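So this block is entry-v4.cif, mmCIF, C-alpha atoms:
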```cif
data_model
#
loop_
_atom_site.label_atom_id
_atom_site.label_comp_id
_atom_site.auth_asym_id
_atom_site.auth_seq_id
_atom_site.Cartn_x
_atom_site.Cartn_y
_atom_site.Cartn_z
CA MET O 525 -40.04 -150.01 29.07
CA TYR O 526 -36.25 -150.14 29.70
CA PRO O 527 -36.37 -150.14 33.52
CA HIS O 528 -38.97 -152.90 33.61
CA GLU O 529 -37.04 -154.95 31.06
CA ARG O 530 -33.77 -154.46 32.93
CA SER O 531 -35.42 -155.64 36.13
CA LEU O 532 -36.81 -158.73 34.37
CA VAL O 533 -33.38 -159.55 32.99
CA SER O 534 -31.84 -159.43 36.46
CA GLU O 535 -34.76 -161.17 38.16
CA TYR O 536 -34.59 -164.10 35.75
CA ALA O 537 -30.81 -163.99 35.20
CA SER O 538 -30.10 -167.67 35.78
CA ARG O 539 -33.44 -169.01 34.56
CA PRO O 540 -34.84 -169.95 31.14
CA PHE O 541 -35.98 -166.50 30.07
CA ALA O 542 -34.79 -164.10 27.37
CA ILE O 543 -35.83 -160.78 25.91
CA ILE O 544 -35.38 -160.60 22.16
CA GLY O 545 -35.88 -157.27 20.45
CA VAL O 546 -36.74 -156.30 16.92
CA ASN O 547 -35.28 -152.84 16.62
CA SER O 548 -36.59 -150.29 14.12
CA ASP O 549 -34.26 -147.36 14.71
CA LYS O 550 -32.75 -145.52 11.75
CA ASP O 551 -29.12 -145.19 12.73
CA ARG O 552 -27.22 -148.24 13.89
CA GLU O 553 -24.26 -146.37 15.37
CA VAL O 554 -26.47 -144.03 17.37
CA LEU O 555 -28.44 -147.04 18.56
CA LYS O 556 -25.28 -148.86 19.69
CA GLU O 557 -24.39 -145.86 21.87
CA ARG O 558 -27.88 -145.77 23.34
CA ILE O 559 -27.71 -149.51 24.06
CA LEU O 560 -24.57 -148.89 26.13
CA GLU O 561 -26.04 -145.83 27.86
CA GLU O 562 -29.24 -147.64 28.81
CA SER O 563 -27.55 -150.96 29.73
CA ILE O 564 -29.67 -152.84 27.20
CA THR O 565 -28.11 -156.27 27.48
CA TRP O 566 -30.60 -158.20 25.42
CA ARG O 567 -30.13 -159.02 21.77
CA SER O 568 -32.14 -157.42 18.98
CA PHE O 569 -32.85 -158.23 15.37
CA TRP O 570 -32.11 -155.28 13.10
CA ASN O 571 -35.27 -154.31 11.21
CA GLY O 572 -33.40 -152.66 8.34
CA GLY O 573 -33.31 -149.16 9.82
CA SER O 574 -37.01 -148.41 9.52
CA THR O 575 -40.35 -148.93 11.20
CA SER O 576 -41.47 -150.35 7.85
CA GLY O 577 -38.58 -152.83 7.71
CA PRO O 578 -39.05 -156.47 6.65
CA ILE O 579 -39.79 -158.05 10.03
CA SER O 580 -42.30 -155.48 11.30
CA THR O 581 -43.98 -155.42 7.89
CA GLN O 582 -44.43 -159.19 7.79
CA TRP O 583 -45.67 -159.16 11.39
CA ASN O 584 -48.04 -156.26 10.58
CA VAL O 585 -46.70 -154.19 13.47
CA SER O 586 -48.12 -150.68 13.49
CA GLY O 587 -47.56 -149.63 17.10
CA TRP O 588 -44.45 -149.59 19.28
CA PRO O 589 -43.70 -151.33 21.47
CA THR O 590 -45.53 -154.45 20.30
CA LEU O 591 -44.96 -157.42 22.61
CA TYR O 592 -45.33 -161.17 22.19
CA LEU O 593 -44.78 -163.60 25.04
CA ILE O 594 -43.63 -166.99 23.75
CA ASP O 595 -43.29 -170.13 25.87
CA HIS O 596 -40.38 -172.59 25.96
CA GLU O 597 -41.94 -174.64 23.16
CA GLY O 598 -42.27 -171.65 20.87
CA VAL O 599 -46.01 -171.21 21.33
CA ILE O 600 -47.41 -167.66 21.46
CA ARG O 601 -49.00 -167.36 24.89
CA HIS O 602 -49.83 -163.65 25.18
CA LYS O 603 -49.87 -160.55 23.01
CA GLY O 604 -49.36 -157.01 24.29
CA LEU O 605 -48.90 -157.85 27.98
CA ARG O 606 -47.17 -155.18 30.05
CA GLY O 607 -46.60 -154.23 33.66
CA ASP O 608 -48.03 -156.44 36.39
CA LEU O 609 -49.82 -158.70 33.91
CA LEU O 610 -46.51 -159.45 32.22
CA ASP O 611 -44.88 -160.22 35.59
CA GLU O 612 -47.70 -162.60 36.48
CA ALA O 613 -47.52 -164.43 33.16
CA LEU O 614 -43.76 -164.93 33.57
CA LYS O 615 -44.28 -166.36 37.06
CA GLU O 616 -46.41 -169.01 35.44
CA LEU O 617 -44.43 -169.68 32.26
CA VAL O 618 -40.81 -169.68 33.46
CA PRO O 619 -41.39 -172.52 35.99
CA LEU O 620 -43.01 -174.53 33.19
CA ALA O 621 -39.85 -174.09 31.12
CA GLU O 622 -37.73 -175.21 34.10
CA LYS O 623 -39.90 -178.25 34.64
CA ALA O 624 -39.47 -179.23 31.00
CA LEU O 625 -35.69 -178.87 31.35
CA GLU O 626 -35.66 -181.13 34.42
CA THR O 627 -37.73 -183.84 32.79
CA GLY O 628 -35.47 -183.77 29.76
CA GLY O 629 -38.16 -182.38 27.53
CA ARG O 630 -37.53 -179.37 25.41
CA MET V 1268 -54.23 -138.94 33.45
CA ILE V 1269 -52.64 -136.12 31.47
CA LEU V 1270 -51.82 -138.55 28.68
CA THR V 1271 -55.48 -138.99 27.82
CA LEU V 1272 -55.95 -135.35 26.94
CA PRO V 1273 -54.93 -135.36 23.26
CA LEU V 1274 -57.55 -138.02 22.62
CA LEU V 1275 -60.17 -135.95 24.40
CA PHE V 1276 -59.30 -133.05 22.18
CA PHE V 1277 -59.59 -135.08 19.07
CA THR V 1278 -62.95 -136.63 19.80
CA GLY V 1279 -64.36 -133.45 21.18
CA THR V 1280 -63.34 -130.63 18.93
CA PHE V 1281 -62.23 -132.02 15.63
CA SER V 1282 -64.53 -130.81 12.90
CA PRO V 1283 -64.08 -131.82 9.30
CA GLY V 1284 -62.84 -128.83 7.37
CA HIS V 1285 -62.81 -130.38 3.92
CA LEU V 1286 -66.52 -130.73 3.30
CA SER V 1287 -68.39 -128.95 0.57
CA PRO V 1288 -69.67 -125.41 1.09
CA PRO V 1289 -73.30 -125.05 2.20
CA LEU V 1290 -75.85 -126.04 -0.38
CA LEU V 1291 -77.16 -123.21 -2.49
CA VAL V 1292 -80.89 -123.00 -2.08
CA SER V 1293 -82.46 -121.40 -5.11
CA SER V 1294 -85.75 -119.58 -4.73
CA ALA V 1295 -87.44 -122.31 -6.72
CA SER V 1296 -86.10 -125.03 -4.49
CA LEU V 1297 -88.13 -126.37 -1.62
CA ARG V 1298 -85.13 -128.24 -0.24
CA LEU V 1299 -84.42 -127.38 3.31
CA ASP V 1300 -80.82 -126.50 3.96
CA ILE V 1301 -79.79 -127.76 7.36
CA THR V 1302 -76.06 -127.06 6.95
CA GLU V 1303 -76.10 -123.82 8.90
CA ALA V 1304 -78.08 -125.32 11.74
CA VAL V 1305 -75.70 -128.31 11.83
CA GLU V 1306 -72.68 -126.04 11.97
CA ALA V 1307 -74.23 -123.98 14.74
CA GLU V 1308 -74.94 -127.12 16.77
CA ILE V 1309 -71.37 -128.38 16.35
CA SER V 1310 -69.91 -124.98 17.12
CA ASN V 1311 -72.00 -124.74 20.30
CA PHE V 1312 -70.58 -128.01 21.52
CA ASP V 1313 -67.04 -126.99 20.57
CA THR V 1314 -67.38 -123.86 22.68
CA LEU V 1315 -68.71 -125.86 25.61
CA PHE V 1316 -65.86 -128.33 25.23
CA GLU V 1317 -63.17 -125.67 24.95
CA THR V 1318 -64.42 -124.05 28.12
CA TRP V 1319 -64.14 -127.39 29.86
CA VAL V 1320 -60.61 -127.98 28.50
CA ALA V 1321 -59.58 -124.63 30.00
CA THR V 1322 -60.91 -125.82 33.37
CA TYR V 1323 -59.03 -129.09 33.04
CA ARG V 1324 -55.82 -127.30 32.19
CA ALA V 1325 -56.22 -124.91 35.07
CA ALA V 1326 -56.42 -127.80 37.55
CA GLU V 1327 -53.36 -127.76 39.77
CA ASP V 1328 -52.96 -131.40 40.69
CA ASP V 1329 -54.14 -134.91 39.88
CA ALA V 1330 -57.12 -134.57 42.21
CA GLY V 1331 -58.19 -131.41 40.41
CA ARG V 1332 -57.82 -133.11 37.05
CA GLU V 1333 -59.80 -136.12 38.24
CA ALA V 1334 -62.58 -133.80 39.34
CA ALA V 1335 -62.51 -131.99 36.01
CA LEU V 1336 -62.75 -135.31 34.15
CA GLU V 1337 -65.91 -136.10 36.08
CA ASN V 1338 -67.47 -132.97 34.58
CA ARG V 1339 -66.40 -133.55 31.03
CA PRO V 1340 -69.31 -132.48 28.81
CA THR V 1341 -70.79 -135.25 26.71
CA ALA V 1342 -72.16 -134.69 23.25
CA ASP V 1343 -75.45 -136.41 24.10
CA ASP V 1344 -77.62 -133.32 23.55
CA ALA V 1345 -75.75 -132.24 20.43
CA VAL V 1346 -76.10 -135.74 18.98
CA LYS V 1347 -79.82 -135.79 19.68
CA ASN V 1348 -80.33 -132.39 18.06
CA LEU V 1349 -78.21 -133.35 15.05
CA PHE V 1350 -80.20 -136.53 14.49
CA GLY V 1351 -83.33 -134.36 14.57
CA LEU V 1352 -81.88 -132.11 11.84
CA VAL V 1353 -80.68 -135.05 9.76
CA GLU V 1354 -84.18 -136.49 9.78
CA THR V 1355 -85.51 -133.46 7.89
CA GLU V 1356 -82.99 -133.79 5.06
CA PRO V 1357 -80.89 -136.96 5.38
CA ALA V 1358 -79.26 -136.85 1.94
CA GLY V 1359 -77.76 -133.34 1.97
CA ASP V 1360 -74.26 -132.08 2.72
CA GLY V 1361 -75.40 -130.84 6.10
CA ALA V 1362 -76.55 -134.32 7.04
CA PHE V 1363 -73.22 -135.78 5.90
CA LYS V 1364 -71.39 -133.35 8.13
CA ALA V 1365 -73.69 -134.07 11.07
CA LEU V 1366 -73.44 -137.85 10.70
CA THR V 1367 -69.65 -137.98 10.40
CA TRP V 1368 -69.43 -135.72 13.46
CA ILE V 1369 -71.77 -137.98 15.42
CA MET V 1370 -69.56 -140.95 14.60
CA ARG V 1371 -66.67 -139.32 16.44
CA ALA V 1372 -68.68 -137.78 19.24
CA TYR V 1373 -68.03 -138.53 22.90
CA THR V 1374 -71.30 -139.65 24.43
CA SER V 1375 -72.36 -141.14 27.76
CA GLU V 1376 -71.72 -144.78 28.44
CA GLY V 1377 -74.47 -146.95 27.12
CA ILE V 1378 -75.32 -144.55 24.31
CA SER V 1379 -73.65 -145.55 21.08
CA PRO V 1380 -74.96 -143.44 18.23
CA SER V 1381 -72.12 -144.25 15.80
CA ALA V 1382 -73.76 -147.33 14.31
CA GLN V 1383 -77.03 -145.47 13.70
CA ALA V 1384 -75.19 -142.52 12.15
CA PHE V 1385 -73.14 -144.84 10.00
CA ALA V 1386 -76.20 -146.77 8.82
CA LEU V 1387 -77.78 -143.46 7.73
CA LEU V 1388 -74.59 -142.51 5.88
CA ALA V 1389 -74.58 -145.83 4.05
CA GLU V 1390 -78.27 -145.44 3.22
CA HIS V 1391 -78.38 -141.81 2.08
CA HIS V 1392 -74.81 -141.00 0.99
CA ILE V 1393 -73.76 -144.12 -0.85
CA GLU V 1394 -72.55 -142.03 -3.82
CA SER V 1395 -70.17 -139.93 -1.73
CA GLU V 1396 -66.44 -140.37 -2.33
CA GLN V 1397 -65.86 -139.09 1.19
CA LEU V 1398 -67.09 -142.42 2.50
CA LYS V 1399 -63.53 -143.59 1.83
CA ASP V 1400 -62.29 -141.81 4.97
CA VAL V 1401 -65.29 -142.92 6.96
CA ALA V 1402 -64.81 -146.56 5.93
CA MET V 1403 -61.05 -146.55 6.51
CA ASN V 1404 -61.36 -145.01 9.97
CA LEU V 1405 -63.62 -147.91 10.91
CA SER V 1406 -60.83 -150.50 10.61
CA ARG V 1407 -60.59 -150.17 14.39
CA GLY V 1408 -64.35 -150.22 14.73
CA THR V 1409 -66.71 -152.68 16.31
CA ALA V 1410 -68.81 -155.50 14.89
CA ASP V 1411 -71.95 -153.35 14.78
CA MET V 1412 -70.30 -151.33 11.98
CA VAL V 1413 -69.93 -154.34 9.70
CA PRO V 1414 -73.42 -154.27 8.09
CA GLY V 1415 -72.92 -150.62 7.02
CA LEU V 1416 -69.43 -151.41 5.71
CA LEU V 1417 -70.72 -154.33 3.67
CA THR V 1418 -73.48 -152.15 2.20
CA ILE V 1419 -70.85 -149.61 1.15
CA ALA V 1420 -68.54 -152.33 -0.22
CA GLU V 1421 -71.38 -153.61 -2.35
CA LYS V 1422 -73.14 -150.44 -3.44
CA SER V 1423 -70.64 -147.60 -3.60
CA PRO V 1424 -69.98 -146.58 -7.21
CA HIS V 1425 -66.35 -145.79 -6.30
CA HIS V 1426 -63.69 -148.50 -6.49
CA ASP V 1427 -61.58 -146.84 -3.74
CA VAL V 1428 -64.50 -146.61 -1.37
CA GLN V 1429 -65.47 -150.25 -1.98
CA GLY V 1430 -61.91 -151.35 -1.25
CA CYS V 1431 -61.59 -149.43 2.04
CA ALA V 1432 -65.00 -150.68 3.24
CA THR V 1433 -64.09 -154.28 2.37
CA LEU V 1434 -60.75 -153.97 4.18
CA SER V 1435 -62.28 -152.53 7.36
CA ALA V 1436 -65.05 -155.15 7.44
CA GLY V 1437 -62.42 -157.89 6.95
CA ILE V 1438 -60.22 -156.57 9.75
CA ILE V 1439 -63.14 -156.30 12.19
CA LEU V 1440 -64.53 -159.75 11.39
CA GLY V 1441 -61.07 -161.32 11.44
CA LYS V 1442 -60.44 -160.25 15.03
CA ASP V 1443 -63.16 -162.53 16.41
CA PRO V 1444 -62.45 -166.27 16.09
CA LEU V 1445 -66.16 -166.86 15.48
CA THR V 1446 -66.22 -164.66 12.38
CA ARG V 1447 -62.59 -165.06 11.32
CA GLU V 1448 -63.33 -167.12 8.21
CA ARG V 1449 -65.56 -164.37 6.81
CA GLY V 1450 -62.88 -161.82 7.62
CA VAL V 1451 -60.25 -163.88 5.81
CA LYS V 1452 -62.46 -164.08 2.69
CA LEU V 1453 -62.95 -160.31 2.65
CA LEU V 1454 -59.22 -159.67 3.04
CA GLU V 1455 -58.50 -162.09 0.20
CA LYS V 1456 -60.99 -160.11 -1.88
CA VAL V 1457 -59.08 -156.90 -1.06
CA ILE V 1458 -55.87 -158.51 -2.30
CA ALA V 1459 -57.58 -159.79 -5.46
CA ASP V 1460 -59.61 -156.70 -6.39
CA TYR V 1461 -58.32 -153.65 -4.54
CA SER V 1462 -54.62 -154.30 -4.04
CA ASP V 1463 -53.41 -151.04 -5.61
CA VAL V 1464 -55.86 -148.71 -3.88
CA THR V 1465 -54.00 -146.31 -1.58
CA HIS V 1466 -55.03 -144.02 1.24
CA TYR V 1467 -53.45 -141.38 3.48
CA ASP V 1468 -51.39 -139.93 0.60
CA GLY V 1469 -50.10 -143.35 -0.41
CA ARG V 1470 -48.88 -144.31 3.05
CA LEU V 1471 -51.43 -147.09 3.18
CA VAL V 1472 -51.63 -149.57 0.31
CA LEU V 1473 -54.67 -151.79 0.66
CA GLY V 1474 -53.08 -154.98 -0.70
CA LYS V 1475 -50.14 -154.66 1.70
CA LYS V 1476 -52.36 -153.92 4.66
CA ALA V 1477 -54.64 -156.87 3.91
CA THR V 1478 -51.63 -159.18 3.51
CA GLY V 1479 -50.33 -158.10 6.91
CA GLU V 1480 -53.69 -158.60 8.59
CA LEU V 1481 -54.03 -162.06 7.03
CA TYR V 1482 -50.55 -162.99 8.24
CA VAL V 1483 -51.50 -162.10 11.81
CA MET V 1484 -54.74 -164.09 11.60
CA ARG V 1485 -53.03 -167.18 10.21
CA ASN V 1486 -49.70 -167.16 12.03
CA LEU V 1487 -49.66 -164.88 15.04
CA GLN V 1488 -52.63 -165.89 17.18
CA VAL V 1489 -52.28 -166.96 20.80
CA GLY V 1490 -51.78 -170.74 20.84
CA MET V 1491 -49.94 -170.86 17.50
CA THR V 1492 -46.26 -171.77 17.15
CA VAL V 1493 -44.38 -168.55 16.50
CA PRO V 1494 -43.00 -168.13 12.96
CA GLU V 1495 -39.22 -168.26 12.59
CA ILE V 1496 -37.27 -165.05 12.39
CA GLU V 1497 -33.79 -165.36 10.91
CA ASN V 1498 -32.06 -162.05 10.54
CA GLU V 1499 -28.95 -160.11 11.50
CA ASP V 1500 -28.78 -158.52 14.92
CA VAL V 1501 -27.84 -154.91 15.62
CA ASP V 1502 -24.15 -155.84 15.26
CA GLY V 1503 -24.69 -157.63 11.96
CA VAL V 1504 -24.52 -161.21 13.28
CA VAL V 1505 -27.27 -163.49 11.96
CA PHE V 1506 -29.32 -165.44 14.50
CA LYS V 1507 -32.68 -167.17 14.76
CA LEU V 1508 -35.59 -166.75 17.09
CA SER V 1509 -35.67 -170.56 17.44
CA ASP V 1510 -32.15 -170.47 18.93
CA TYR V 1511 -34.03 -169.56 22.11
CA ARG V 1512 -36.37 -172.57 22.22
CA GLY V 1513 -36.40 -173.95 25.73
CA LYS V 1514 -36.60 -170.44 27.14
CA VAL V 1515 -39.57 -168.18 27.65
CA VAL V 1516 -39.08 -165.30 25.21
CA LEU V 1517 -40.42 -161.78 25.45
CA LEU V 1518 -40.30 -160.61 21.84
CA ASP V 1519 -40.30 -156.84 21.81
CA PHE V 1520 -40.69 -154.70 18.67
CA TRP V 1521 -39.02 -151.54 19.88
CA GLY V 1522 -37.25 -148.36 18.93
CA ASP V 1523 -35.32 -145.83 20.96
CA TRP V 1524 -37.72 -142.93 20.50
#
```

Since I need it in another form, could you write the structure as structure tokens?
Amino acid sequence: MYPHERSLVSEYASRPFAIIGVNSDKDREVLKERILEESITWRSFWNGGSTSGPISTQWNVSGWPTLYLIDHEGVIRHKGLRGDLLDEALKELVPLAEKALETGGR
Amino acid sequence: MILTLPLLFFTGTFSPGHLSPPLLVSSASLRLDITEAVEAEISNFDTLFETWVATYRAAEDDAGREAALENRPTADDAVKNLFGLVETEPAGDGAFKALTWIMRAYTSEGISPSAQAFALLAEHHIESEQLKDVAMNLSRGTADMVPGLLTIAEKSPHHDVQGCATLSAGIILGKDPLTRERGVKLLEKVIADYSDVTHYDGRLVLGKKATGELYVMRNLQVGMTVPEIENEDVDGVVFKLSDYRGKVVLLDFWGDW
């Protein structure tokens, strides 16, 4: 996942797009090193150091990675999209977000 | 291509090892014991499958593996023979073994014997406590399993088995918008009546699982506004998911493993 995510971050660098993680690793300090090593620039919620932490439990996540694609208005548009399908969905959704910005909408 | 192999192994060669020993047939009994014949049938297929796995492993490149996959043996014949055996004594331990094996068997496209096997289990083995595993494993099953699950939920004498069957039926029905309301009702029943039932050595608590499934159905469907997350980040700074409104967000539940 990292290479694809890194390429999305650079492709959409100046546009209304963000990756937000919910990280379920055990050791925060180890994770911080890995984040530097892998150039993971996006921000992540800390799930309490466990795959059964509070956020993943509430969201009923039982497989990793689990992905949600959310539009600029906060509406869930896709679940579990990866690879080319994810790229295509972003090509549709990011321009919509830009349009909303231009017209002064949210 | 290589990644699919563990699954092939599982569906092809896994045989339940925890079932009861063969029935004792006393001289006075006229009951036919099919256990040995069932085991022989399963073992025959396992041998066939292992031989094929060796061929697959010996393949030197992707093309060779593709070719091997084309020749993967299906369990069609074994399934047919097992159904024949089950017919002679559907309520015995041998039949239970045969039917649970059929439910996991890899068969040709278009042949789907699992529902038939499951219906026979629900009809002839309703008293079995082992239906707990069968019912729980069906939480990822298809809609044609729901009638059997509902029979088990209603008629099993075991509280645990009822709970697992209700949960699986609720999860399956809840996935389809057309049957979601029925699924929701079943999951609410799990929370009300079977909340403390556990499975997989306590790793799965039915009430918790049902609560999670309900949350997804009510809050995390495509087209719904995403629930707020307000939590600390990896560095300990609190932020909100809604801070990113106005942007398209890829929310990624991940771990570095």

Region 613-622 of chain O environment, 8 Å, all atoms listed in the file, sequence neighbours closer than 4 positions dropped, as number ranges by chain:
O: 539-541, 595-596, 609, 626; V: 1513-1515

Translate the PyMOL selection byres ((chain V and resi 1388) around 12), as applied to the file shown, into an explicit residue set as a CSV table (one decimal) with C-alpha atoms, in the frame of the given file.
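File written: expr-v1.csv
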```csv
chain,number,residue,atom,x,y,z
V,1350,PHE,CA,-80.2,-136.5,14.5
V,1353,VAL,CA,-80.7,-135.0,9.8
V,1354,GLU,CA,-84.2,-136.5,9.8
V,1357,PRO,CA,-80.9,-137.0,5.4
V,1358,ALA,CA,-79.3,-136.8,1.9
V,1359,GLY,CA,-77.8,-133.3,2.0
V,1360,ASP,CA,-74.3,-132.1,2.7
V,1361,GLY,CA,-75.4,-130.8,6.1
V,1362,ALA,CA,-76.6,-134.3,7.0
V,1363,PHE,CA,-73.2,-135.8,5.9
V,1364,LYS,CA,-71.4,-133.4,8.1
V,1365,ALA,CA,-73.7,-134.1,11.1
V,1366,LEU,CA,-73.4,-137.8,10.7
V,1367,THR,CA,-69.6,-138.0,10.4
V,1368,TRP,CA,-69.4,-135.7,13.5
V,1369,ILE,CA,-71.8,-138.0,15.4
V,1370,MET,CA,-69.6,-141.0,14.6
V,1381,SER,CA,-72.1,-144.2,15.8
V,1382,ALA,CA,-73.8,-147.3,14.3
V,1383,GLN,CA,-77.0,-145.5,13.7
V,1384,ALA,CA,-75.2,-142.5,12.2
V,1385,PHE,CA,-73.1,-144.8,10.0
V,1386,ALA,CA,-76.2,-146.8,8.8
V,1387,LEU,CA,-77.8,-143.5,7.7
V,1389,ALA,CA,-74.6,-145.8,4.0
V,1390,GLU,CA,-78.3,-145.4,3.2
V,1391,HIS,CA,-78.4,-141.8,2.1
V,1392,HIS,CA,-74.8,-141.0,1.0
V,1393,ILE,CA,-73.8,-144.1,-0.8
V,1394,GLU,CA,-72.6,-142.0,-3.8
V,1395,SER,CA,-70.2,-139.9,-1.7
V,1396,GLU,CA,-66.4,-140.4,-2.3
V,1397,GLN,CA,-65.9,-139.1,1.2
V,1398,LEU,CA,-67.1,-142.4,2.5
V,1399,LYS,CA,-63.5,-143.6,1.8
V,1401,VAL,CA,-65.3,-142.9,7.0
V,1402,ALA,CA,-64.8,-146.6,5.9
V,1412,MET,CA,-70.3,-151.3,12.0
V,1415,GLY,CA,-72.9,-150.6,7.0
V,1416,LEU,CA,-69.4,-151.4,5.7
V,1418,THR,CA,-73.5,-152.2,2.2
V,1419,ILE,CA,-70.8,-149.6,1.2
V,1423,SER,CA,-70.6,-147.6,-3.6
```

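Computed from the coordinates, the CA of Thr575 (chain O) to CA of Val1428 (chain V) distance equals 27.3 Å.
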
Would you translate the PyMOL selection byres ((chain V) within 6 of (chain O)) into the concrete set of residues it matches in this file, as a count of residues only?
20

Residues at most 12 Å from Ser531 (chain O), counting all atoms listed in the file, excluding those fewer than 5 positions away in the same chain, as a VMD selection string?
chain O and resid 525 to 526 536 to 537 543 563 to 565 607 611

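A straight line drawn from CA of Leu1349 (chain V) to CA of Pro1424 (chain V) is 27.2 Å long.
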
Would you mind telling me which residue in V:Trp1319, V:Gly1469, V:Ser1462, V:Arg1324 lies nearest to Asn1338 (chain V) when using all atoms listed in the file?
V:Trp1319

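A straight line drawn from CA of Asp1313 (chain V) to CA of Val1413 (chain V) is 29.6 Å long.
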
Would you mind listing what lies within 12 Å of region 1449-1454 of chain V as JSON, numbers by chain, with only C-alpha atoms counted and same-chain residues fewer than 2 positions away left out?
{"V": [1406, 1410, 1413, 1416, 1417, 1420, 1421, 1429, 1430, 1431, 1432, 1433, 1434, 1435, 1436, 1437, 1438, 1439, 1440, 1441, 1442, 1443, 1444, 1445, 1446, 1447, 1456, 1457, 1458, 1459, 1460, 1461, 1462, 1473, 1474, 1475, 1476, 1477, 1478, 1479, 1480, 1481, 1482, 1483, 1484, 1485]}

Take the residues just selected and output them with C-alpha atoms as a PDB file, in the coordinates of the input.
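Generated output (result_37.pdb):
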```pdb
ATOM      1  CA  SER V1406     -60.830-150.500  10.610  1.00  0.00           C
ATOM      2  CA  ALA V1410     -68.810-155.500  14.890  1.00  0.00           C
ATOM      3  CA  VAL V1413     -69.930-154.340   9.700  1.00  0.00           C
ATOM      4  CA  LEU V1416     -69.430-151.410   5.710  1.00  0.00           C
ATOM      5  CA  LEU V1417     -70.720-154.330   3.670  1.00  0.00           C
ATOM      6  CA  ALA V1420     -68.540-152.330  -0.220  1.00  0.00           C
ATOM      7  CA  GLU V1421     -71.380-153.610  -2.350  1.00  0.00           C
ATOM      8  CA  GLN V1429     -65.470-150.250  -1.980  1.00  0.00           C
ATOM      9  CA  GLY V1430     -61.910-151.350  -1.250  1.00  0.00           C
ATOM     10  CA  CYS V1431     -61.590-149.430   2.040  1.00  0.00           C
ATOM     11  CA  ALA V1432     -65.000-150.680   3.240  1.00  0.00           C
ATOM     12  CA  THR V1433     -64.090-154.280   2.370  1.00  0.00           C
ATOM     13  CA  LEU V1434     -60.750-153.970   4.180  1.00  0.00           C
ATOM     14  CA  SER V1435     -62.280-152.530   7.360  1.00  0.00           C
ATOM     15  CA  ALA V1436     -65.050-155.150   7.440  1.00  0.00           C
ATOM     16  CA  GLY V1437     -62.420-157.890   6.950  1.00  0.00           C
ATOM     17  CA  ILE V1438     -60.220-156.570   9.750  1.00  0.00           C
ATOM     18  CA  ILE V1439     -63.140-156.300  12.190  1.00  0.00           C
ATOM     19  CA  LEU V1440     -64.530-159.750  11.390  1.00  0.00           C
ATOM     20  CA  GLY V1441     -61.070-161.320  11.440  1.00  0.00           C
ATOM     21  CA  LYS V1442     -60.440-160.250  15.030  1.00  0.00           C
ATOM     22  CA  ASP V1443     -63.160-162.530  16.410  1.00  0.00           C
ATOM     23  CA  PRO V1444     -62.450-166.270  16.090  1.00  0.00           C
ATOM     24  CA  LEU V1445     -66.160-166.860  15.480  1.00  0.00           C
ATOM     25  CA  THR V1446     -66.220-164.660  12.380  1.00  0.00           C
ATOM     26  CA  ARG V1447     -62.590-165.060  11.320  1.00  0.00           C
ATOM     27  CA  LYS V1456     -60.990-160.110  -1.880  1.00  0.00           C
ATOM     28  CA  VAL V1457     -59.080-156.900  -1.060  1.00  0.00           C
ATOM     29  CA  ILE V1458     -55.870-158.510  -2.300  1.00  0.00           C
ATOM     30  CA  ALA V1459     -57.580-159.790  -5.460  1.00  0.00           C
ATOM     31  CA  ASP V1460     -59.610-156.700  -6.390  1.00  0.00           C
ATOM     32  CA  TYR V1461     -58.320-153.650  -4.540  1.00  0.00           C
ATOM     33  CA  SER V1462     -54.620-154.300  -4.040  1.00  0.00           C
ATOM     34  CA  LEU V1473     -54.670-151.790   0.660  1.00  0.00           C
ATOM     35  CA  GLY V1474     -53.080-154.980  -0.700  1.00  0.00           C
ATOM     36  CA  LYS V1475     -50.140-154.660   1.700  1.00  0.00           C
ATOM     37  CA  LYS V1476     -52.360-153.920   4.660  1.00  0.00           C
ATOM     38  CA  ALA V1477     -54.640-156.870   3.910  1.00  0.00           C
ATOM     39  CA  THR V1478     -51.630-159.180   3.510  1.00  0.00           C
ATOM     40  CA  GLY V1479     -50.330-158.100   6.910  1.00  0.00           C
ATOM     41  CA  GLU V1480     -53.690-158.600   8.590  1.00  0.00           C
ATOM     42  CA  LEU V1481     -54.030-162.060   7.030  1.00  0.00           C
ATOM     43  CA  TYR V1482     -50.550-162.990   8.240  1.00  0.00           C
ATOM     44  CA  VAL V1483     -51.500-162.100  11.810  1.00  0.00           C
ATOM     45  CA  MET V1484     -54.740-164.090  11.600  1.00  0.00           C
ATOM     46  CA  ARG V1485     -53.030-167.180  10.210  1.00  0.00           C
TER      47      ARG V1485
END
```
